[in-house]
Amino acid sequence: MKASTFVYPWDVNGDPRAAATIAATGVQQVTLASAYHSTRALTPRHPRHRIVTAEHAAVLYPTDERWQGRELRPYAAGDWAPGDAFGEAAASLTDAGLDVHTWVVLAHNSRLGAEHPDTSVVNAYGDRYPWAPCIAQPATRAYLVDLAAEAAVRPGARGTELESLGWYGLQHLHAHDKTGGVGLGDAGLYLMALCFCPTCREGYGAQGVDADELAGVVRAALEPVWRGASSDGGWAAVEKLLGAPMAGATRAWRDETARTLQEAAVTAVRGAAPAGFQILLHADPVSYHVGANAGVDPAHILSVADGVVVPCAGGTGLLAPFAEVAGVTGASGVAGVAGVAGGSVIAANFTIVSGMGGSPGTLASDAARARALGATELRLYHAGLASDADLEAVRSALAGV
């Protein structure tokens, strides 16, 4: 199976050994960040630093003239990734024999929300989520589509992986995060993700739902959850809490909003990219789920993009819905859905950093399990963060995959 590992430019730039070290693990490709959110990252092998603090969401390359005069525009990185940090790292990785694809984080940007608060998701209590741009707002959608096209199609890149191309909700590891005191469950997280900005209020109205009434129902439904009641149970639990008609109306609005944004972003990337440029989305096969792995309808997204990157840190169960749609060998022999390319990529994304809960020592067996469920490729998170021992375990595993 083809394998790619995630990398930041600061893992490579300034370290003459980095590209060769990554290539020695046996991966054929690197998914290199070109637009990324704020983070604090370890660099365990770098000769000049051990900790990199990316203070805000930024693009890691010089932007072009498309942003001139626009209120919403990408932020340049600071000294953690100066100049064309992406381009410099991409050249080193290419010289080491690795294919380079861009890693583009989209609807996840705390600085955007801090400086332009009206762009943020607003929950039923009136609280803003500054890390979560509302993807229904026209100006935000235009910003995200143009950012996708520019950040994806960088010189030297042969493809892209688009992360957070959909709704974002409460799930976000904020600085010194203190939100785990109540187990919200699947349904509670959905209710806390519902947006009540002016655009979304109009959207609910178009579905026949009064936004003020909906907000009151959401707050009432969550009251037992704050006292410790369970809200597990998937979509059936959402329908129980909101009532099936109201729940269905919210999902119809949100699903259509996400689908059309995904279509527009992929179309923009294709329009800017050379022939053969691969476009994948980080995706969850449950369309009402939110976060970095955007909730999607598998049949729809595989008719739009070239494939998906599927989170497997908690197990490989999310692979099957995509593989069945694509008719990938190994997915019980199910025929593909009309309009979905038979060559769709289904990439299983595993964490390989032991200190972050990963298990590089079981990667060979994990990869075999993923292949049996229809995965066609591997993604490994994350070579720049991993210890030498973790990378050696990866090398041993990939030698047998």
# chains A, B, ... in the order shown; residues from 1 in each chain; ligands from 1
$ closest_atom_pairs --of "range 162-251 of chain A" --to "range 255-263 of chain A" --cutoff "7 Å" --atoms "only C-alpha atoms" --output "CSV"
residue,atom,partner,partner_atom,distance
A:Leu165,CA,A:Gln262,CA,6.4
A:Gly166,CA,A:Ala258,CA,5.2
A:Trp167,CA,A:Ala258,CA,6.8
A:Arg251,CA,A:Asp255,CA,5.7
$ write_last_selection --atoms "N, CA and C atoms" --output "PDB file, in the first residue's frame"
ATOM      1  N   LEU A 165     -12.938  20.942   5.696  1.00  0.00           N
ATOM      2  CA  LEU A 165     -13.761  21.499   4.626  1.00  0.00           C
ATOM      3  C   LEU A 165     -15.215  21.135   4.902  1.00  0.00           C
ATOM      4  N   GLY A 166     -15.753  21.745   5.947  1.00  0.00           N
ATOM      5  CA  GLY A 166     -17.115  21.477   6.378  1.00  0.00           C
ATOM      6  C   GLY A 166     -17.353  22.203   7.690  1.00  0.00           C
ATOM      7  N   TRP A 167     -18.390  21.793   8.403  1.00  0.00           N
ATOM      8  CA  TRP A 167     -18.739  22.440   9.663  1.00  0.00           C
ATOM      9  C   TRP A 167     -17.734  22.107  10.764  1.00  0.00           C
ATOM     10  N   ARG A 251     -30.571  19.317   9.662  1.00  0.00           N
ATOM     11  CA  ARG A 251     -29.592  18.520   8.911  1.00  0.00           C
ATOM     12  C   ARG A 251     -29.657  18.828   7.425  1.00  0.00           C
TER      13      ARG A 251
END
$ residues_around --residues "Gly307 in chain A" --least-positions-apart "5" --cutoff "12 Å" --atoms "only C-alpha atoms" --output "PyMOL selection string"
chain A and resi 159-162+266+278-283+296+298-302+319+322-323+325-326+328+340-348+375-377
$ write_last_selection --atoms "C-alpha atoms" --output "mmCIF file, in the first residue's frame"
data_model
loop_
_atom_site.group_PDB
_atom_site.id
_atom_site.type_symbol
_atom_site.label_atom_id
_atom_site.label_comp_id
_atom_site.auth_asym_id
_atom_site.auth_seq_id
_atom_site.Cartn_x
_atom_site.Cartn_y
_atom_site.Cartn_z
ATOM 1 C CA GLY A 159 -1.944 16.668 -5.069
ATOM 2 C CA THR A 160 -3.674 18.013 -1.992
ATOM 3 C CA GLU A 161 -5.535 16.946 1.125
ATOM 4 C CA LEU A 162 -8.212 19.381 2.290
ATOM 5 C CA VAL A 266 -12.813 21.073 -5.305
ATOM 6 C CA GLN A 278 -5.060 14.535 -6.893
ATOM 7 C CA ILE A 279 -7.677 16.042 -4.543
ATOM 8 C CA LEU A 280 -8.595 14.254 -1.312
ATOM 9 C CA LEU A 281 -10.754 15.352 1.624
ATOM 10 C CA HIS A 282 -10.275 14.477 5.276
ATOM 11 C CA ALA A 283 -13.703 13.022 5.889
ATOM 12 C CA VAL A 296 -19.841 13.929 4.314
ATOM 13 C CA PRO A 298 -19.752 9.048 0.960
ATOM 14 C CA ALA A 299 -21.470 8.706 -2.404
ATOM 15 C CA HIS A 300 -21.522 12.453 -2.923
ATOM 16 C CA ILE A 301 -17.952 13.195 -1.916
ATOM 17 C CA LEU A 302 -16.501 10.351 -3.987
ATOM 18 C CA LEU A 319 -13.541 2.994 6.174
ATOM 19 C CA PHE A 322 -16.502 4.827 1.633
ATOM 20 C CA ALA A 323 -15.106 1.564 0.323
ATOM 21 C CA VAL A 325 -19.592 3.192 -2.292
ATOM 22 C CA ALA A 326 -16.424 3.055 -4.367
ATOM 23 C CA VAL A 328 -13.062 -1.089 -3.675
ATOM 24 C CA VAL A 340 -18.144 7.291 -8.458
ATOM 25 C CA ALA A 341 -14.779 6.571 -10.004
ATOM 26 C CA GLY A 342 -13.539 3.051 -9.426
ATOM 27 C CA GLY A 343 -10.081 4.444 -8.715
ATOM 28 C CA SER A 344 -11.163 6.447 -5.676
ATOM 29 C CA VAL A 345 -8.504 6.691 -2.962
ATOM 30 C CA ILE A 346 -9.571 5.465 0.473
ATOM 31 C CA ALA A 347 -6.648 6.406 2.747
ATOM 32 C CA ALA A 348 -6.598 5.046 6.301
ATOM 33 C CA ALA A 375 -8.419 1.022 2.274
ATOM 34 C CA THR A 376 -6.169 1.632 -0.715
ATOM 35 C CA GLU A 377 -3.503 3.801 0.948
#
$ residues_around --residues "Leu173 in chain A" --least-positions-apart "5" --cutoff "12 Å" --atoms "only C-alpha atoms" --output "list of chain:residue names"
A:His37, A:Ser38, A:Thr39, A:Arg40, A:His108, A:Ser110, A:Trp131, A:Lys178, A:Thr179, A:Gly180, A:Gly291, A:Ala292
$ atom_distance --atom1 "CA of Gly355 in chain A" --atom2 "CA of Glu392 in chain A"
14.8 Å
$ select_by_dssp --residues "range 247-357 of chain A" --states "alpha helix (DSSP H)" --output "PDB file with N, CA, C and O atoms, in the first residue's frame"
ATOM      1  N   ALA A 247     -35.241  18.153  13.633  1.00  0.00           N
ATOM      2  CA  ALA A 247     -33.903  17.605  13.437  1.00  0.00           C
ATOM      3  C   ALA A 247     -33.595  17.475  11.947  1.00  0.00           C
ATOM      4  O   ALA A 247     -32.512  17.841  11.483  1.00  0.00           O
ATOM      5  N   GLY A 248     -34.559  16.951  11.192  1.00  0.00           N
ATOM      6  CA  GLY A 248     -34.351  16.777   9.760  1.00  0.00           C
ATOM      7  C   GLY A 248     -34.139  18.093   9.041  1.00  0.00           C
ATOM      8  O   GLY A 248     -33.337  18.178   8.103  1.00  0.00           O
ATOM      9  N   ALA A 249     -34.841  19.144   9.476  1.00  0.00           N
ATOM     10  CA  ALA A 249     -34.677  20.453   8.842  1.00  0.00           C
ATOM     11  C   ALA A 249     -33.285  21.008   9.085  1.00  0.00           C
ATOM     12  O   ALA A 249     -32.663  21.569   8.177  1.00  0.00           O
ATOM     13  N   THR A 250     -32.779  20.868  10.320  1.00  0.00           N
ATOM     14  CA  THR A 250     -31.418  21.366  10.588  1.00  0.00           C
ATOM     15  C   THR A 250     -30.386  20.609   9.762  1.00  0.00           C
ATOM     16  O   THR A 250     -29.452  21.201   9.217  1.00  0.00           O
ATOM     17  N   ARG A 251     -30.571  19.317   9.662  1.00  0.00           N
ATOM     18  CA  ARG A 251     -29.592  18.520   8.911  1.00  0.00           C
ATOM     19  C   ARG A 251     -29.657  18.828   7.425  1.00  0.00           C
ATOM     20  O   ARG A 251     -28.619  18.863   6.743  1.00  0.00           O
ATOM     21  N   ALA A 252     -30.855  19.047   6.908  1.00  0.00           N
ATOM     22  CA  ALA A 252     -30.978  19.379   5.485  1.00  0.00           C
ATOM     23  C   ALA A 252     -30.222  20.670   5.167  1.00  0.00           C
ATOM     24  O   ALA A 252     -29.506  20.753   4.164  1.00  0.00           O
ATOM     25  N   TRP A 253     -30.373  21.669   6.024  1.00  0.00           N
ATOM     26  CA  TRP A 253     -29.679  22.943   5.820  1.00  0.00           C
ATOM     27  C   TRP A 253     -28.165  22.760   5.893  1.00  0.00           C
ATOM     28  O   TRP A 253     -27.421  23.212   5.035  1.00  0.00           O
ATOM     29  N   ARG A 254     -27.713  22.057   6.911  1.00  0.00           N
ATOM     30  CA  ARG A 254     -26.280  21.922   7.135  1.00  0.00           C
ATOM     31  C   ARG A 254     -25.630  21.005   6.094  1.00  0.00           C
ATOM     32  O   ARG A 254     -24.534  21.282   5.603  1.00  0.00           O
ATOM     33  N   ASP A 255     -26.295  19.917   5.744  1.00  0.00           N
ATOM     34  CA  ASP A 255     -25.730  19.011   4.739  1.00  0.00           C
ATOM     35  C   ASP A 255     -25.585  19.709   3.391  1.00  0.00           C
ATOM     36  O   ASP A 255     -24.554  19.590   2.713  1.00  0.00           O
ATOM     37  N   GLU A 256     -26.610  20.429   2.982  1.00  0.00           N
ATOM     38  CA  GLU A 256     -26.544  21.115   1.696  1.00  0.00           C
ATOM     39  C   GLU A 256     -25.473  22.207   1.708  1.00  0.00           C
ATOM     40  O   GLU A 256     -24.744  22.393   0.725  1.00  0.00           O
ATOM     41  N   THR A 257     -25.356  22.910   2.809  1.00  0.00           N
ATOM     42  CA  THR A 257     -24.331  23.953   2.925  1.00  0.00           C
ATOM     43  C   THR A 257     -22.942  23.360   2.795  1.00  0.00           C
ATOM     44  O   THR A 257     -22.082  23.899   2.083  1.00  0.00           O
ATOM     45  N   ALA A 258     -22.692  22.252   3.478  1.00  0.00           N
ATOM     46  CA  ALA A 258     -21.372  21.619   3.409  1.00  0.00           C
ATOM     47  C   ALA A 258     -21.114  21.035   2.022  1.00  0.00           C
ATOM     48  O   ALA A 258     -20.018  21.187   1.470  1.00  0.00           O
ATOM     49  N   ARG A 259     -22.100  20.376   1.450  1.00  0.00           N
ATOM     50  CA  ARG A 259     -21.912  19.757   0.133  1.00  0.00           C
ATOM     51  C   ARG A 259     -21.550  20.797  -0.917  1.00  0.00           C
ATOM     52  O   ARG A 259     -20.632  20.598  -1.722  1.00  0.00           O
ATOM     53  N   THR A 260     -22.277  21.897  -0.930  1.00  0.00           N
ATOM     54  CA  THR A 260     -22.022  22.895  -1.973  1.00  0.00           C
ATOM     55  C   THR A 260     -20.669  23.579  -1.770  1.00  0.00           C
ATOM     56  O   THR A 260     -20.004  23.934  -2.748  1.00  0.00           O
ATOM     57  N   LEU A 261     -20.260  23.759  -0.525  1.00  0.00           N
ATOM     58  CA  LEU A 261     -18.921  24.314  -0.284  1.00  0.00           C
ATOM     59  C   LEU A 261     -17.852  23.342  -0.765  1.00  0.00           C
ATOM     60  O   LEU A 261     -16.867  23.741  -1.396  1.00  0.00           O
ATOM     61  N   GLN A 262     -18.024  22.074  -0.466  1.00  0.00           N
ATOM     62  CA  GLN A 262     -17.046  21.075  -0.903  1.00  0.00           C
ATOM     63  C   GLN A 262     -16.964  21.027  -2.425  1.00  0.00           C
ATOM     64  O   GLN A 262     -15.865  20.953  -2.996  1.00  0.00           O
ATOM     65  N   GLU A 263     -18.108  21.083  -3.085  1.00  0.00           N
ATOM     66  CA  GLU A 263     -18.108  21.095  -4.551  1.00  0.00           C
ATOM     67  C   GLU A 263     -17.378  22.327  -5.086  1.00  0.00           C
ATOM     68  O   GLU A 263     -16.558  22.220  -6.015  1.00  0.00           O
ATOM     69  N   ALA A 264     -17.647  23.475  -4.501  1.00  0.00           N
ATOM     70  CA  ALA A 264     -17.025  24.710  -4.984  1.00  0.00           C
ATOM     71  C   ALA A 264     -15.527  24.696  -4.760  1.00  0.00           C
ATOM     72  O   ALA A 264     -14.739  25.126  -5.622  1.00  0.00           O
ATOM     73  N   ALA A 265     -15.096  24.212  -3.598  1.00  0.00           N
ATOM     74  CA  ALA A 265     -13.663  24.192  -3.305  1.00  0.00           C
ATOM     75  C   ALA A 265     -12.925  23.227  -4.221  1.00  0.00           C
ATOM     76  O   ALA A 265     -11.857  23.552  -4.757  1.00  0.00           O
ATOM     77  N   VAL A 266     -13.471  22.038  -4.417  1.00  0.00           N
ATOM     78  CA  VAL A 266     -12.813  21.073  -5.305  1.00  0.00           C
ATOM     79  C   VAL A 266     -12.778  21.601  -6.734  1.00  0.00           C
ATOM     80  O   VAL A 266     -11.763  21.468  -7.434  1.00  0.00           O
ATOM     81  N   THR A 267     -13.852  22.213  -7.181  1.00  0.00           N
ATOM     82  CA  THR A 267     -13.879  22.800  -8.522  1.00  0.00           C
ATOM     83  C   THR A 267     -12.815  23.877  -8.666  1.00  0.00           C
ATOM     84  O   THR A 267     -12.119  23.957  -9.701  1.00  0.00           O
ATOM     85  N   ALA A 268     -12.664  24.707  -7.654  1.00  0.00           N
ATOM     86  CA  ALA A 268     -11.646  25.766  -7.700  1.00  0.00           C
ATOM     87  C   ALA A 268     -10.244  25.194  -7.744  1.00  0.00           C
ATOM     88  O   ALA A 268      -9.370  25.687  -8.477  1.00  0.00           O
ATOM     89  N   VAL A 269     -10.003  24.156  -6.965  1.00  0.00           N
ATOM     90  CA  VAL A 269      -8.679  23.527  -6.981  1.00  0.00           C
ATOM     91  C   VAL A 269      -8.406  22.913  -8.344  1.00  0.00           C
ATOM     92  O   VAL A 269      -7.322  23.080  -8.918  1.00  0.00           O
ATOM     93  N   ARG A 270      -9.386  22.215  -8.901  1.00  0.00           N
ATOM     94  CA  ARG A 270      -9.192  21.600 -10.222  1.00  0.00           C
ATOM     95  C   ARG A 270      -8.907  22.666 -11.273  1.00  0.00           C
ATOM     96  O   ARG A 270      -8.092  22.473 -12.176  1.00  0.00           O
ATOM     97  N   GLY A 271      -9.583  23.809 -11.159  1.00  0.00           N
ATOM     98  CA  GLY A 271      -9.363  24.863 -12.126  1.00  0.00           C
ATOM     99  C   GLY A 271      -7.976  25.470 -12.061  1.00  0.00           C
ATOM    100  O   GLY A 271      -7.472  25.990 -13.062  1.00  0.00           O
ATOM    101  N   ALA A 272      -7.349  25.413 -10.886  1.00  0.00           N
ATOM    102  CA  ALA A 272      -6.015  25.988 -10.711  1.00  0.00           C
ATOM    103  C   ALA A 272      -4.896  24.971 -10.893  1.00  0.00           C
ATOM    104  O   ALA A 272      -3.736  25.351 -11.042  1.00  0.00           O
ATOM    105  N   PRO A 298     -20.808   9.711   1.731  1.00  0.00           N
ATOM    106  CA  PRO A 298     -19.752   9.048   0.960  1.00  0.00           C
ATOM    107  C   PRO A 298     -19.990   9.038  -0.540  1.00  0.00           C
ATOM    108  O   PRO A 298     -19.060   9.294  -1.320  1.00  0.00           O
ATOM    109  N   ALA A 299     -21.215   8.755  -0.967  1.00  0.00           N
ATOM    110  CA  ALA A 299     -21.470   8.706  -2.404  1.00  0.00           C
ATOM    111  C   ALA A 299     -21.258  10.069  -3.043  1.00  0.00           C
ATOM    112  O   ALA A 299     -20.695  10.177  -4.144  1.00  0.00           O
ATOM    113  N   HIS A 300     -21.684  11.120  -2.362  1.00  0.00           N
ATOM    114  CA  HIS A 300     -21.522  12.453  -2.923  1.00  0.00           C
ATOM    115  C   HIS A 300     -20.056  12.834  -3.013  1.00  0.00           C
ATOM    116  O   HIS A 300     -19.581  13.265  -4.066  1.00  0.00           O
ATOM    117  N   ILE A 301     -19.320  12.675  -1.924  1.00  0.00           N
ATOM    118  CA  ILE A 301     -17.952  13.195  -1.916  1.00  0.00           C
ATOM    119  C   ILE A 301     -17.060  12.414  -2.867  1.00  0.00           C
ATOM    120  O   ILE A 301     -16.145  12.973  -3.485  1.00  0.00           O
ATOM    121  N   LEU A 302     -17.310  11.121  -3.048  1.00  0.00           N
ATOM    122  CA  LEU A 302     -16.501  10.351  -3.987  1.00  0.00           C
ATOM    123  C   LEU A 302     -16.883  10.610  -5.437  1.00  0.00           C
ATOM    124  O   LEU A 302     -16.150  10.218  -6.346  1.00  0.00           O
ATOM    125  N   SER A 303     -18.004  11.289  -5.657  1.00  0.00           N
ATOM    126  CA  SER A 303     -18.337  11.735  -7.011  1.00  0.00           C
ATOM    127  C   SER A 303     -17.743  13.110  -7.305  1.00  0.00           C
ATOM    128  O   SER A 303     -17.751  13.557  -8.453  1.00  0.00           O
ATOM    129  N   VAL A 304     -17.228  13.778  -6.266  1.00  0.00           N
ATOM    130  CA  VAL A 304     -16.690  15.125  -6.398  1.00  0.00           C
ATOM    131  C   VAL A 304     -15.159  15.127  -6.353  1.00  0.00           C
ATOM    132  O   VAL A 304     -14.499  15.712  -7.210  1.00  0.00           O
ATOM    133  N   LEU A 319     -13.980   3.235   7.548  1.00  0.00           N
ATOM    134  CA  LEU A 319     -13.541   2.994   6.174  1.00  0.00           C
ATOM    135  C   LEU A 319     -14.633   2.363   5.315  1.00  0.00           C
ATOM    136  O   LEU A 319     -14.778   2.693   4.134  1.00  0.00           O
ATOM    137  N   ALA A 320     -15.378   1.444   5.887  1.00  0.00           N
ATOM    138  CA  ALA A 320     -16.282   0.611   5.092  1.00  0.00           C
ATOM    139  C   ALA A 320     -17.309   1.401   4.291  1.00  0.00           C
ATOM    140  O   ALA A 320     -17.554   1.077   3.120  1.00  0.00           O
ATOM    141  N   PRO A 321     -17.961   2.447   4.848  1.00  0.00           N
ATOM    142  CA  PRO A 321     -18.948   3.166   4.034  1.00  0.00           C
ATOM    143  C   PRO A 321     -18.362   3.764   2.763  1.00  0.00           C
ATOM    144  O   PRO A 321     -19.019   3.759   1.713  1.00  0.00           O
ATOM    145  N   PHE A 322     -17.134   4.275   2.830  1.00  0.00           N
ATOM    146  CA  PHE A 322     -16.502   4.827   1.633  1.00  0.00           C
ATOM    147  C   PHE A 322     -16.131   3.722   0.658  1.00  0.00           C
ATOM    148  O   PHE A 322     -16.344   3.830  -0.551  1.00  0.00           O
ATOM    149  N   ALA A 323     -15.552   2.649   1.197  1.00  0.00           N
ATOM    150  CA  ALA A 323     -15.106   1.564   0.323  1.00  0.00           C
ATOM    151  C   ALA A 323     -16.282   0.892  -0.379  1.00  0.00           C
ATOM    152  O   ALA A 323     -16.186   0.506  -1.554  1.00  0.00           O
ATOM    153  N   GLU A 324     -17.393   0.763   0.307  1.00  0.00           N
ATOM    154  CA  GLU A 324     -18.562   0.133  -0.302  1.00  0.00           C
ATOM    155  C   GLU A 324     -19.114   0.991  -1.442  1.00  0.00           C
ATOM    156  O   GLU A 324     -19.514   0.473  -2.488  1.00  0.00           O
ATOM    157  N   VAL A 325     -19.124   2.289  -1.240  1.00  0.00           N
ATOM    158  CA  VAL A 325     -19.592   3.192  -2.292  1.00  0.00           C
ATOM    159  C   VAL A 325     -18.696   3.107  -3.517  1.00  0.00           C
ATOM    160  O   VAL A 325     -19.158   3.073  -4.656  1.00  0.00           O
ATOM    161  N   ALA A 326     -17.383   3.066  -3.266  1.00  0.00           N
ATOM    162  CA  ALA A 326     -16.424   3.055  -4.367  1.00  0.00           C
ATOM    163  C   ALA A 326     -16.277   1.688  -5.002  1.00  0.00           C
ATOM    164  O   ALA A 326     -15.675   1.563  -6.079  1.00  0.00           O
TER     165      ALA A 326
END
$ closest_residue --among "A:Ala54, A:Leu222, A:Leu112, A:Leu380" --to "Thr25 in chain A" --atoms "only C-alpha atoms"
A:Leu380
$ closest_residue --among "A:Ala367, A:Leu72, A:Arg48, A:Asp99" --to "Gln28 in chain A" --atoms "only C-alpha atoms"
A:Asp99
$ atom_distance --atom1 "CA of Ala305 in chain A" --atom2 "CA of Leu191 in chain A"
28.5 Å
$ atom_distance --atom1 "CA of Gly83 in chain A" --atom2 "CA of Tyr61 in chain A"
6.1 Å
$ closest_residue --among "A:Tyr190, A:Tyr129, A:Tyr204, A:Tyr143" --to "His172 in chain A" --atoms "only C-alpha atoms"
A:Tyr129
$ closest_residue --among "A:Glu163, A:Leu385, A:Val217, A:Gly205" --to "Tyr8 in chain A" --atoms "only C-alpha atoms"
A:Leu385
$ residues_around --residues "Gly183 in chain A" --least-positions-apart "5" --cutoff "12 Å" --atoms "only C-alpha atoms" --output "PyMOL selection string"
chain A and resi 171+188-189+222+224-232
$ write_last_selection --atoms "all heavy atoms" --output "short mmCIF file (atom, residue, chain, number, x, y, z; two decimals), in the first residue's frame"
data_model
loop_
_atom_site.label_atom_id
_atom_site.label_comp_id
_atom_site.auth_asym_id
_atom_site.auth_seq_id
_atom_site.Cartn_x
_atom_site.Cartn_y
_atom_site.Cartn_z
N GLN A 171 -15.87 20.66 19.34
CA GLN A 171 -14.67 19.85 19.48
C GLN A 171 -13.46 20.60 18.93
O GLN A 171 -13.25 20.68 17.74
CB GLN A 171 -14.80 18.52 18.73
CG GLN A 171 -16.01 17.71 19.11
CD GLN A 171 -17.16 17.93 18.18
OE1 GLN A 171 -17.57 19.05 17.95
NE2 GLN A 171 -17.69 16.85 17.62
N GLY A 188 -25.46 15.50 21.80
CA GLY A 188 -25.16 16.77 22.44
C GLY A 188 -24.16 17.59 21.66
O GLY A 188 -24.28 18.82 21.56
N LEU A 189 -23.18 16.93 21.10
CA LEU A 189 -22.19 17.64 20.29
C LEU A 189 -22.83 18.23 19.04
O LEU A 189 -22.48 19.33 18.60
CB LEU A 189 -21.04 16.71 19.91
CG LEU A 189 -20.08 16.35 21.04
CD1 LEU A 189 -19.11 15.25 20.61
CD2 LEU A 189 -19.30 17.58 21.51
N LEU A 222 -30.85 20.26 25.91
CA LEU A 222 -29.53 20.09 26.53
C LEU A 222 -29.56 20.19 28.05
O LEU A 222 -28.60 19.79 28.70
CB LEU A 222 -28.56 21.13 25.97
CG LEU A 222 -28.03 20.87 24.56
CD1 LEU A 222 -27.30 22.09 24.03
CD2 LEU A 222 -27.11 19.65 24.55
N PRO A 224 -31.05 18.49 30.51
CA PRO A 224 -30.72 17.25 31.23
C PRO A 224 -29.28 16.79 31.01
O PRO A 224 -28.69 16.15 31.90
CB PRO A 224 -31.71 16.23 30.65
CG PRO A 224 -32.81 17.05 30.05
CD PRO A 224 -32.16 18.30 29.55
N VAL A 225 -28.72 17.10 29.84
CA VAL A 225 -27.35 16.70 29.54
C VAL A 225 -26.38 17.42 30.48
O VAL A 225 -25.42 16.82 30.98
CB VAL A 225 -27.00 16.99 28.07
CG1 VAL A 225 -25.55 16.60 27.78
CG2 VAL A 225 -27.96 16.24 27.15
N TRP A 226 -26.63 18.71 30.75
CA TRP A 226 -25.75 19.44 31.68
C TRP A 226 -25.81 18.84 33.08
O TRP A 226 -24.86 18.97 33.85
CB TRP A 226 -26.15 20.91 31.74
CG TRP A 226 -26.10 21.64 30.43
CD1 TRP A 226 -27.08 22.42 29.89
CD2 TRP A 226 -25.03 21.66 29.47
NE1 TRP A 226 -26.70 22.92 28.67
CE2 TRP A 226 -25.44 22.47 28.39
CE3 TRP A 226 -23.78 21.06 29.42
CZ2 TRP A 226 -24.65 22.70 27.28
CZ3 TRP A 226 -22.98 21.28 28.32
CH2 TRP A 226 -23.40 22.09 27.26
N ARG A 227 -26.91 18.17 33.39
CA ARG A 227 -27.05 17.56 34.72
C ARG A 227 -26.52 16.13 34.75
O ARG A 227 -26.58 15.48 35.80
CB ARG A 227 -28.52 17.57 35.15
CG ARG A 227 -29.08 19.00 35.32
CD ARG A 227 -30.38 18.99 36.10
NE ARG A 227 -31.44 18.28 35.38
CZ ARG A 227 -32.30 18.88 34.55
NH1 ARG A 227 -32.23 20.19 34.32
NH2 ARG A 227 -33.24 18.17 33.94
N GLY A 228 -26.04 15.63 33.59
CA GLY A 228 -25.40 14.32 33.57
C GLY A 228 -26.11 13.25 32.79
O GLY A 228 -25.65 12.12 32.72
N ALA A 229 -27.26 13.57 32.17
CA ALA A 229 -27.97 12.58 31.36
C ALA A 229 -27.18 12.28 30.09
O ALA A 229 -26.49 13.14 29.55
CB ALA A 229 -29.37 13.07 31.00
N SER A 230 -27.33 11.07 29.61
CA SER A 230 -26.62 10.67 28.39
C SER A 230 -27.32 11.22 27.15
O SER A 230 -28.56 11.29 27.10
CB SER A 230 -26.56 9.15 28.29
OG SER A 230 -26.04 8.75 27.03
N SER A 231 -26.51 11.62 26.16
CA SER A 231 -27.08 11.98 24.85
C SER A 231 -26.41 11.16 23.75
O SER A 231 -26.26 11.62 22.63
CB SER A 231 -26.93 13.47 24.58
OG SER A 231 -25.57 13.85 24.50
N ASP A 232 -25.98 9.96 24.10
CA ASP A 232 -25.46 9.04 23.10
C ASP A 232 -26.63 8.47 22.30
O ASP A 232 -27.79 8.58 22.68
CB ASP A 232 -24.68 7.91 23.76
CG ASP A 232 -23.36 8.40 24.34
OD1 ASP A 232 -22.77 9.33 23.76
OD2 ASP A 232 -22.94 7.88 25.39
#
